[in-house]
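Listing of start.tsv; format and content: TSV, C-alpha atoms and all ligand atoms.
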chain	number	residue	atom	x	y	z
J	1	MET	CA	-58.28	-8.77	235.54
J	2	THR	CA	-61.78	-7.71	236.65
J	3	SER	CA	-61.43	-5.29	239.56
J	4	VAL	CA	-62.07	-6.52	243.07
J	5	LEU	CA	-64.47	-4.50	245.23
J	6	LEU	CA	-65.08	-5.17	248.91
J	7	HIS	CA	-68.44	-4.00	250.30
J	8	HIS	CA	-67.75	-3.40	253.99
J	9	PHE	CA	-67.80	-0.94	256.87
J	10	ASP	CA	-64.74	0.07	258.88
J	11	PRO	CA	-65.57	-1.39	262.34
J	12	SER	CA	-66.70	-4.75	260.86
J	13	PRO	CA	-64.50	-7.60	262.15
J	14	PHE	CA	-65.34	-10.05	259.33
J	15	SER	CA	-64.39	-7.27	256.90
J	16	GLU	CA	-61.07	-6.88	258.71
J	17	LYS	CA	-60.38	-10.58	258.07
J	18	VAL	CA	-60.74	-9.92	254.32
J	19	ARG	CA	-59.01	-6.49	254.28
J	20	LEU	CA	-55.93	-7.96	255.91
J	21	LEU	CA	-55.93	-10.93	253.55
J	22	LEU	CA	-56.17	-8.56	250.56
J	23	GLY	CA	-53.16	-6.72	252.01
J	24	HIS	CA	-51.25	-9.97	252.49
J	25	CYS	CA	-52.02	-11.04	248.91
J	26	ASP	CA	-51.07	-7.60	247.58
J	27	LEU	CA	-54.22	-7.37	245.46
J	28	ALA	CA	-55.50	-3.92	244.44
J	29	TRP	CA	-59.05	-3.50	245.71
J	30	GLY	CA	-61.85	-0.99	245.79
J	31	SER	CA	-63.25	-0.15	249.19
J	32	VAL	CA	-67.03	0.31	248.97
J	33	ARG	CA	-68.34	1.48	252.32
J	34	ILE	CA	-71.85	0.27	253.14
J	35	PRO	CA	-74.13	1.12	256.09
J	36	ARG	CA	-73.46	-0.64	259.38
J	37	MET	CA	-77.11	-1.60	259.80
J	38	MET	CA	-80.25	-2.03	257.75
J	39	PRO	CA	-81.49	-0.57	255.47
J	40	LYS	CA	-78.68	-1.00	252.94
J	41	PRO	CA	-80.52	-0.25	249.69
J	42	HIS	CA	-77.54	-0.18	247.28
J	43	PHE	CA	-76.03	-3.33	248.81
J	44	THR	CA	-79.20	-5.41	248.89
J	45	ALA	CA	-80.02	-4.31	245.32
J	46	LEU	CA	-76.95	-6.33	244.34
J	47	THR	CA	-77.31	-9.17	246.83
J	48	GLY	CA	-81.06	-9.72	246.51
J	49	GLY	CA	-81.61	-9.30	250.24
J	50	TYR	CA	-78.52	-10.96	251.73
J	51	ARG	CA	-77.47	-8.43	254.39
J	52	LYS	CA	-74.33	-9.68	256.09
J	53	THR	CA	-71.06	-7.82	255.77
J	54	PRO	CA	-68.78	-8.13	253.84
J	55	ALA	CA	-69.38	-9.17	250.23
J	56	LEU	CA	-66.83	-9.24	247.42
J	57	GLN	CA	-67.77	-8.02	243.96
J	58	MET	CA	-66.01	-8.83	240.71
J	59	GLY	CA	-68.00	-7.24	237.88
J	60	ARG	CA	-71.42	-8.93	237.94
J	61	ASP	CA	-70.32	-11.67	240.35
J	62	ILE	CA	-70.97	-11.17	244.07
J	63	TYR	CA	-69.38	-13.50	246.63
J	64	CYS	CA	-71.10	-13.68	250.00
J	65	ASP	CA	-69.68	-14.87	253.34
J	66	THR	CA	-65.99	-14.72	254.18
J	67	ALA	CA	-65.67	-18.54	254.17
J	68	LEU	CA	-66.04	-18.34	250.38
J	69	ILE	CA	-64.52	-14.86	249.88
J	70	VAL	CA	-61.16	-15.87	251.37
J	71	ARG	CA	-60.94	-18.83	249.01
J	72	VAL	CA	-61.70	-16.62	246.01
J	73	ILE	CA	-58.91	-14.28	247.11
J	74	GLU	CA	-56.56	-17.19	247.76
J	75	ARG	CA	-57.09	-18.40	244.18
J	76	LEU	CA	-56.74	-14.93	242.66
J	77	SER	CA	-53.47	-14.42	244.52
J	78	GLY	CA	-52.02	-17.85	243.71
J	79	LYS	CA	-50.61	-18.03	247.26
J	80	SER	CA	-50.56	-21.77	247.90
J	81	THR	CA	-49.22	-21.27	251.43
J	82	LEU	CA	-52.60	-19.91	252.60
J	83	VAL	CA	-54.07	-23.42	252.69
J	84	PRO	CA	-51.04	-25.74	252.83
J	85	PRO	CA	-52.01	-29.09	251.26
J	86	GLY	CA	-51.17	-31.02	254.43
J	87	GLN	CA	-53.17	-28.67	256.66
J	88	ALA	CA	-56.48	-28.03	254.85
J	89	ALA	CA	-58.55	-29.72	257.58
J	90	SER	CA	-56.74	-27.83	260.34
J	91	VAL	CA	-57.30	-24.54	258.51
J	92	ARG	CA	-61.02	-25.27	258.17
J	93	ALA	CA	-61.37	-26.25	261.84
J	94	LEU	CA	-59.57	-23.08	262.94
J	95	GLU	CA	-61.79	-20.95	260.71
J	96	GLU	CA	-64.74	-22.33	262.67
J	97	MET	CA	-62.92	-21.52	265.90
J	98	GLY	CA	-62.62	-17.94	264.61
J	99	ASP	CA	-66.38	-17.79	264.02
J	100	ARG	CA	-67.02	-18.94	267.61
J	101	LEU	CA	-64.53	-16.44	268.92
J	102	PHE	CA	-66.40	-13.68	267.05
J	103	LEU	CA	-69.64	-14.73	268.79
J	104	ALA	CA	-67.80	-14.80	272.13
J	105	ALA	CA	-66.50	-11.26	271.50
J	106	ILE	CA	-69.98	-9.72	271.15
J	107	PRO	CA	-71.00	-9.83	274.86
J	108	ILE	CA	-67.55	-8.50	275.79
J	109	LEU	CA	-68.25	-5.35	273.78
J	110	PHE	CA	-71.44	-4.94	275.80
J	111	ARG	CA	-69.81	-5.21	279.24
J	112	PRO	CA	-70.18	-1.83	281.03
J	113	GLU	CA	-66.71	-0.53	280.01
J	114	GLY	CA	-67.21	-1.60	276.39
J	115	ARG	CA	-70.75	-0.30	276.28
J	116	ALA	CA	-69.62	3.13	277.50
J	117	VAL	CA	-67.32	3.38	274.46
J	118	LEU	CA	-70.15	2.32	272.13
J	119	VAL	CA	-72.35	5.03	273.65
J	120	ASP	CA	-69.58	7.58	273.00
J	121	GLN	CA	-69.40	6.42	269.38
J	122	LEU	CA	-73.07	5.95	268.56
J	123	GLY	CA	-74.99	7.85	271.26
J	124	GLU	CA	-77.65	6.13	273.42
J	125	GLU	CA	-80.20	6.32	270.64
J	126	GLY	CA	-77.79	5.06	267.98
J	127	LEU	CA	-76.79	2.17	270.22
J	128	ALA	CA	-80.44	1.29	270.83
J	129	ARG	CA	-81.01	1.22	267.05
J	130	PHE	CA	-77.87	-0.88	266.60
J	131	GLN	CA	-79.03	-3.39	269.22
J	132	ALA	CA	-82.49	-3.62	267.69
J	133	ASP	CA	-80.88	-4.23	264.28
J	134	ARG	CA	-78.65	-7.00	265.68
J	135	ALA	CA	-81.61	-8.57	267.52
J	136	GLU	CA	-83.29	-8.82	264.12
J	137	LEU	CA	-80.05	-10.23	262.62
J	138	PHE	CA	-80.05	-13.00	265.21
J	139	SER	CA	-83.68	-14.01	264.77
J	140	GLY	CA	-84.87	-17.06	262.88
J	141	GLY	CA	-81.55	-18.90	262.54
J	142	ASN	CA	-79.98	-21.76	264.49
J	143	VAL	CA	-77.54	-19.45	266.33
J	144	SER	CA	-79.08	-17.11	268.86
J	145	ARG	CA	-77.43	-13.90	270.05
J	146	PRO	CA	-74.54	-15.05	272.27
J	147	ASP	CA	-74.77	-14.37	276.00
J	148	ASP	CA	-72.14	-13.60	278.60
J	149	GLN	CA	-71.97	-17.20	279.83
J	150	PHE	CA	-71.07	-18.47	276.35
J	151	SER	CA	-68.53	-15.69	276.02
J	152	ARG	CA	-66.85	-16.46	279.34
J	153	ALA	CA	-66.72	-20.19	278.51
J	154	VAL	CA	-65.11	-19.69	275.10
J	155	TRP	CA	-63.02	-16.50	275.12
J	156	THR	CA	-60.39	-17.10	277.82
J	157	SER	CA	-59.81	-20.78	277.10
J	158	THR	CA	-59.38	-20.12	273.37
J	159	LEU	CA	-56.95	-17.24	273.93
J	160	GLU	CA	-54.94	-19.38	276.35
J	161	MET	CA	-54.66	-22.23	273.84
J	162	LEU	CA	-53.64	-19.88	271.05
J	163	ASP	CA	-51.07	-18.16	273.24
J	164	ALA	CA	-49.53	-21.53	274.15
J	165	GLN	CA	-49.43	-22.62	270.50
J	166	LEU	CA	-47.89	-19.32	269.38
J	167	ALA	CA	-45.11	-19.70	271.91
J	168	HIS	CA	-43.67	-22.32	269.51
J	169	GLN	CA	-44.20	-20.75	266.09
J	170	PRO	CA	-44.79	-17.31	264.58
J	171	PHE	CA	-48.15	-18.22	263.02
J	172	VAL	CA	-50.94	-20.49	264.17
J	173	LEU	CA	-49.97	-23.40	261.92
J	174	GLY	CA	-46.25	-22.78	261.56
J	175	GLU	CA	-43.79	-20.51	259.82
J	176	HIS	CA	-46.21	-18.82	257.41
J	177	PRO	CA	-49.63	-17.18	257.75
J	178	THR	CA	-52.52	-19.36	256.60
J	179	LEU	CA	-56.24	-18.63	256.35
J	180	ALA	CA	-56.42	-19.81	259.97
J	181	ASP	CA	-54.47	-16.74	261.14
J	182	PHE	CA	-56.80	-14.32	259.31
J	183	SER	CA	-59.85	-16.13	260.73
J	184	LEU	CA	-58.61	-15.90	264.31
J	185	TYR	CA	-57.28	-12.36	264.10
J	186	HIS	CA	-60.50	-10.44	263.53
J	187	PRO	CA	-62.43	-11.25	266.76
J	188	ILE	CA	-59.38	-10.18	268.77
J	189	TRP	CA	-59.13	-7.03	266.63
J	190	TYR	CA	-62.82	-6.38	267.38
J	191	VAL	CA	-62.21	-6.41	271.13
J	192	ARG	CA	-58.91	-4.52	270.90
J	193	ASN	CA	-60.63	-1.78	268.91
J	194	ASN	CA	-62.77	-0.94	271.92
J	195	PRO	CA	-60.56	0.88	274.49
J	196	GLY	CA	-63.02	0.00	277.27
J	197	VAL	CA	-62.37	-3.76	277.06
J	198	ARG	CA	-59.06	-3.90	275.16
J	199	GLY	CA	-57.21	-4.84	278.37
J	200	ILE	CA	-58.64	-8.37	278.45
J	201	THR	CA	-56.43	-9.38	275.51
J	202	GLN	CA	-53.27	-8.08	277.17
J	203	ASP	CA	-52.15	-11.07	279.28
J	204	TYR	CA	-51.17	-13.24	276.32
J	205	PRO	CA	-47.67	-12.17	275.22
J	206	HIS	CA	-47.26	-14.65	272.35
J	207	LEU	CA	-50.74	-13.96	271.06
J	208	MET	CA	-50.12	-10.20	271.24
J	209	ALA	CA	-46.83	-10.53	269.35
J	210	TRP	CA	-48.68	-12.53	266.65
J	211	PHE	CA	-51.45	-9.92	266.62
J	212	GLU	CA	-48.90	-7.15	265.98
J	213	ARG	CA	-47.20	-9.24	263.25
J	214	LEU	CA	-50.47	-9.78	261.41
J	215	GLY	CA	-51.74	-6.23	261.92
J	216	ALA	CA	-48.51	-4.91	260.38
J	217	ILE	CA	-49.58	-6.47	257.06
J	218	GLY	CA	-52.12	-3.65	256.61
J	219	HIS	CA	-54.78	-3.32	253.95
J	220	GLY	CA	-52.49	-3.11	250.94
J	221	ARG	CA	-53.52	-1.42	247.72
J	222	ARG	CA	-56.90	0.00	248.73
J	223	HIS	CA	-58.76	2.80	246.94
J	224	ASP	CA	-62.22	4.20	247.64
J	225	ALA	CA	-65.21	3.51	245.44
J	226	SER	CA	-68.82	4.56	246.04
J	227	GLU	CA	-71.83	2.29	246.09
J	228	ALA	CA	-73.06	4.03	242.93
J	229	GLN	CA	-69.73	3.22	241.22
J	230	ALA	CA	-70.09	-0.42	242.29
J	231	HIS	CA	-73.48	-0.47	240.56
J	232	GLU	CA	-71.94	1.06	237.42
J	233	ILE	CA	-69.20	-1.55	237.41
J	234	ALA	CA	-71.75	-4.36	237.65
J	235	ALA	CA	-73.95	-2.86	234.93
J	236	ALA	CA	-71.01	-2.34	232.55
J	237	CYS	CA	-69.44	-5.80	232.97
J	238	ASP	CA	-69.84	-8.16	229.99
J	239	HIS	CA	-68.56	-11.44	231.38
J	240	TRP	CA	-68.92	-13.85	234.29
J	241	GLN	CA	-66.27	-15.24	236.57
J	242	PRO	CA	-65.40	-18.90	235.94
J	243	LEU	CA	-67.28	-21.60	237.87
J	244	ALA	CA	-65.45	-24.46	239.55
J	245	ASP	CA	-66.06	-28.23	239.10
J	246	GLU	CA	-68.83	-30.11	237.34
J	247	PHE	CA	-72.45	-29.39	238.33
J	248	ASP	CA	-73.24	-31.54	241.38
J	249	ASP	CA	-76.69	-33.03	240.72
J	250	SER	CA	-76.91	-34.95	243.99
J	251	LEU	CA	-79.47	-32.43	245.32
J	252	ASN	CA	-81.91	-33.27	242.47
J	253	MET	CA	-81.84	-29.71	241.19
J	254	ALA	CA	-80.87	-28.49	237.74
J	255	PRO	CA	-79.52	-25.26	236.25
J	256	GLY	CA	-82.39	-22.83	235.61
J	257	ASP	CA	-84.51	-24.05	238.56
J	258	GLU	CA	-86.12	-21.28	240.60
J	259	VAL	CA	-84.49	-21.50	244.04
J	260	THR	CA	-83.88	-19.68	247.28
J	261	VAL	CA	-80.61	-19.65	249.24
J	262	GLY	CA	-80.09	-18.55	252.83
J	263	ALA	CA	-77.66	-18.88	255.74
J	264	VAL	CA	-78.65	-21.25	258.53
J	265	ASP	CA	-76.96	-19.51	261.48
J	266	TYR	CA	-78.03	-15.83	261.59
J	267	GLY	CA	-78.86	-13.21	258.98
J	268	VAL	CA	-81.03	-15.89	257.38
J	269	ASP	CA	-82.92	-13.75	254.82
J	270	ARG	CA	-83.41	-15.91	251.72
J	271	VAL	CA	-82.30	-14.79	248.29
J	272	HIS	CA	-84.44	-15.77	245.31
J	273	GLY	CA	-83.04	-16.55	241.84
J	274	ARG	CA	-82.35	-19.11	239.11
J	275	LEU	CA	-79.87	-21.83	239.93
J	276	VAL	CA	-76.65	-21.59	237.91
J	277	HIS	CA	-74.23	-23.96	239.58
J	278	ILE	CA	-73.58	-26.26	242.52
J	279	SER	CA	-69.90	-27.00	243.03
J	280	ARG	CA	-68.21	-28.79	245.90
J	281	GLU	CA	-67.81	-25.53	247.79
J	282	ALA	CA	-70.31	-23.02	246.38
J	283	LEU	CA	-73.94	-22.44	245.40
J	284	THR	CA	-74.46	-19.94	242.58
J	285	LEU	CA	-77.70	-18.33	241.51
J	286	GLU	CA	-78.55	-15.58	239.07
J	287	ARG	CA	-81.07	-12.79	239.47
J	288	GLU	CA	-81.97	-9.48	237.84
J	289	ALA	CA	-80.65	-6.51	239.81
J	290	THR	CA	-82.48	-3.20	239.80
J	291	PHE	CA	-81.99	-0.08	241.86
J	292	GLU	CA	-84.65	2.62	242.18
J	293	GLY	CA	-86.28	1.44	238.97
J	294	ARG	CA	-83.00	1.27	237.00
J	295	VAL	CA	-82.09	-2.11	235.52
J	296	LEU	CA	-78.51	-3.08	236.39
J	297	GLY	CA	-78.89	-6.43	234.62
J	298	PRO	CA	-78.25	-9.98	235.78
J	299	VAL	CA	-75.91	-10.63	238.70
J	300	ARG	CA	-74.60	-13.93	240.03
J	301	LEU	CA	-74.52	-14.56	243.75
J	302	HIS	CA	-72.14	-17.14	245.16
J	303	PHE	CA	-72.56	-18.60	248.65
J	304	PRO	CA	-70.57	-21.26	250.49
J	305	ARG	CA	-72.38	-24.62	250.55
J	306	ASP	CA	-71.43	-25.23	254.15
J	307	GLY	CA	-73.68	-23.05	256.31
J	308	PHE	CA	-76.28	-22.26	253.61
J	309	THR	CA	-79.35	-24.15	252.39
J	310	LEU	CA	-80.71	-24.31	248.88
J	311	SER	CA	-84.44	-24.93	248.36
J	312	PRO	CA	-86.86	-24.94	245.43
J	313	ALA	CA	-88.53	-21.51	245.35
J	314	SER	CA	-91.95	-23.15	245.55
J	315	SER	CA	-91.22	-24.43	249.08
J	316	PHE	CA	-91.20	-20.85	250.43
H	1	LIG	N1	-70.46	-15.92	258.27
H	1	LIG	C1	-70.40	-14.54	257.88
H	1	LIG	C2	-70.49	-13.65	259.10
H	1	LIG	C3	-70.44	-12.18	258.77
H	1	LIG	C4	-70.96	-11.28	259.89
H	1	LIG	O1	-71.47	-11.74	260.91
H	1	LIG	N2	-70.79	-9.99	259.68
H	1	LIG	C5	-71.35	-9.00	260.58
H	1	LIG	C6	-70.50	-7.75	260.54
H	1	LIG	S1	-68.83	-8.08	261.01
H	1	LIG	C7	-72.73	-8.62	260.04
H	1	LIG	O2	-73.11	-9.07	258.99
H	1	LIG	N3	-73.44	-7.77	260.76
H	1	LIG	C8	-74.73	-7.34	260.30
H	1	LIG	C9	-74.67	-6.40	259.14
H	1	LIG	O3	-73.57	-5.96	258.72
H	1	LIG	O4	-75.73	-6.06	258.62
H	1	LIG	C10	-69.09	-14.31	257.13
H	1	LIG	O5	-68.12	-15.02	257.37
H	1	LIG	O6	-69.08	-13.44	256.23

Is it possible to give me this structure as structure tokens?
Ligand SMILES: N[C@@H](CCC(=O)N[C@@H](CS)C(=O)NCC(=O)O)C(=O)O
Amino acid sequence: MTSVLLHHFDPSPFSEKVRLLLGHCDLAWGSVRIPRMMPKPHFTALTGGYRKTPALQMGRDIYCDTALIVRVIERLSGKSTLVPPGQAASVRALEEMGDRLFLAAIPILFRPEGRAVLVDQLGEEGLARFQADRAELFSGGNVSRPDDQFSRAVWTSTLEMLDAQLAHQPFVLGEHPTLADFSLYHPIWYVRNNPGVRGITQDYPHLMAWFERLGAIGHGRRHDASEAQAHEIAAACDHWQPLADEFDDSLNMAPGDEVTVGAVDYGVDRVHGRLVHISREALTLEREATFEGRVLGPVRLHFPRDGFTLSPASSF
């Protein structure tokens, strides 16, 4: 099997969602650490400008956004319990709840006690650079940087609901972990990782027991790989990953068309390439990757359809 590489950085909550899932699925994976903020020259050489963390690489195929990455991992692992057939809609809805909870977590990290820890970690100047980078991340999309009011409206009520649900069952949708659990875990992990604000997750005993159960899964069979090695692996690979479904031509676009793809929420930088495939769940385009003048060859980028737009290149 082509090796699986995760491009990520340690404190990244969306990366933790994937790391834990890789552990649960017992897949061997290469950990490629990337910078926490722009510029990320090795990473964007592969992604064509997509900047969000994480991305999953298999040879010359790069999967962007955890909504798609978790489904790629689910298929590789053959674990049908991750999206039980009778609960696919519930799993999807809870994944979206996890995304909202992540947004609600951000202002919590910037409350005075959380901010003090960030200053310890990054220094005042580092934190200022981090905030400027995230202001840029949240510009131009349909989701603006969340504020404290949003956070207070969403955080407590969501944790209360989850705690009540977990009083009846070990995992969010029953006896076994599903993708919903991994999607809801990481925003709580994000807050719990900051000792200044960790306490606000404490008053939910069932939720905390669930959190410990999931955290105990760990990251599984992880080994380190450098960004340069990830480039070598892409350049040396001689095959593509399979594409799902027939080409969906309902968007009046055809394979080979010059297109751009970008997220609609935040981190909306558009990636330019030739259209390869439109399936029910993914958009795939191909582009030539180069790094510091060296040709790495063609790479395919896969994005979820939901949350991304595809446009003819001429319209930009
Ligand atoms: N919808 C994206 C969200 C990913 C996301 O927001 N990741 C954060 C880090 S946890 C990010 O990209 N931050 C900016 C960066 O890493 O440059 C996904 O599910 O992958």

Contact table chain J vs ligand LIG 1 (chain H), cut-off 7 Å, shortest pair per residue, only C-alpha atoms and all ligand atoms, as a tab-separated table:
residue	atom	partner	partner_atom	distance
J:Ser12	CA	H:LIG1	S1	4.0
J:Pro13	CA	H:LIG1	S1	4.5
J:Phe14	CA	H:LIG1	S1	4.3
J:Ser15	CA	H:LIG1	S1	6.1
J:Arg36	CA	H:LIG1	O3	5.4
J:Met37	CA	H:LIG1	O4	4.8
J:Met38	CA	H:LIG1	O4	6.1
J:Arg51	CA	H:LIG1	O4	5.2
J:Lys52	CA	H:LIG1	O2	3.2
J:Thr53	CA	H:LIG1	O2	4.0
J:Pro54	CA	H:LIG1	O6	5.8
J:Cys64	CA	H:LIG1	O6	6.6
J:Asp65	CA	H:LIG1	O6	3.3
J:Thr66	CA	H:LIG1	O5	3.8
J:Ala67	CA	H:LIG1	O5	5.4
J:Arg134	CA	H:LIG1	C8	6.7
J:Leu137	CA	H:LIG1	C8	6.5

Can I get the selection written as a compact mmCIF listing (two decimals), in the coordinates of the input, with C-alpha atoms?
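Result written to again-v1.txt:
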# COMPACT_ATOMS: atom_id res chain seq x y z
CA SER J 12 -66.70 -4.75 260.86
CA PRO J 13 -64.50 -7.60 262.15
CA PHE J 14 -65.34 -10.05 259.33
CA SER J 15 -64.39 -7.27 256.90
CA ARG J 36 -73.46 -0.64 259.38
CA MET J 37 -77.11 -1.60 259.80
CA MET J 38 -80.25 -2.03 257.75
CA ARG J 51 -77.47 -8.43 254.39
CA LYS J 52 -74.33 -9.68 256.09
CA THR J 53 -71.06 -7.82 255.77
CA PRO J 54 -68.78 -8.13 253.84
CA CYS J 64 -71.10 -13.68 250.00
CA ASP J 65 -69.68 -14.87 253.34
CA THR J 66 -65.99 -14.72 254.18
CA ALA J 67 -65.67 -18.54 254.17
CA ARG J 134 -78.65 -7.00 265.68
CA LEU J 137 -80.05 -10.23 262.62

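Considering all atoms listed in the file, the residue among J:Gly49, J:Pro205, J:Gly267, J:Pro41 positioned nearest to J:Ala135 is J:Gly267.
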
Next on the checklist: Quick one: residues within 8 Å of stretch 303-311 of chain J, only C-alpha atoms, excluding same-chain residues fewer than 6 positions away - as a PyMOL selection string?
Outcome noted: chain J and resi 63-65+67-68+259-265+280-284

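Across J:Ala89, J:Val276, J:Pro170, J:Ile69, the tightest approach to J:Trp240 is made by J:Val276 when counting only C-alpha atoms.
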
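The closest residue to J:Pro242, picked from J:Asp224, J:Glu113, J:Glu292, J:Asp61 and counting all atoms listed in the file, is J:Asp61.
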
Next on the checklist: Measuring between only C-alpha atoms, which one of J:Glu136, J:Lys17, J:Leu109, J:Ala254 shows the shortest distance to J:Asp269?
Outcome noted: J:Glu136

Checklist entry - J:Asp147: which residues within 9 Å, counting all atoms listed in the file, same-chain residues fewer than 2 positions away excluded, as number ranges by chain? => result J: 103-104, 106-107, 144-145, 149-152

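Between atom CA of J:Arg287 and atom CA of J:Gly48 there is a distance of 7.7 Å.
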
Checklist entry - atom CA of J:Leu127 and atom CA of J:Ile108 are how many Å apart? => result 15.2 Å

Checklist entry - Restricting the calculation to all atoms listed in the file, which member of J:Ser314, J:His168, J:Arg192, J:Ser31 is positioned closest to J:Ala55? => result J:Ser31

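Distance check against J:Cys25 using all atoms listed in the file: of J:Thr81, J:Ser279, J:Gln121, J:Ser183, the minimum falls on J:Thr81.
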
Checklist entry - Which value, in Å to one decimal, gives the distance between atom CA of J:Trp29 and atom CA of J:Met1? => result 11.5 Å

Next on the checklist: Just want the 8 Å neighbourhood of J:Leu46, counted on all atoms listed in the file, with same-chain residues fewer than 6 positions away dropped. Output as a PyMOL selection string.
Outcome noted: chain J and resi 62+231+289-290+299

Checklist entry - Could you name the residues that touch J:Arg274 at 8 Å or less, counting all atoms listed in the file, but leaving out those on the same chain fewer than 3 positions away, as a PyMOL selection string? => result chain J and resi 255-259+285-287

Item to check | Ref. answer, residues at most 10 Å from (-52.4, -17.5, 249.8) with all atoms listed in the file, as number ranges by chain | outcome: J: 21-22, 24-25, 70-71, 73-84, 176-179

Give, as AutoDock Vina command-line options, the centre coordinates and the x, y and z edge lengths in Å to one decimal for an axis-aligned box around all listed atoms of stretch 215-225 of chain J, padded by 3 Å on each side.
--center_x -56.9 --center_y -1.1 --center_z 253.7 --size_x 22.7 --size_y 16.7 --size_z 22.5
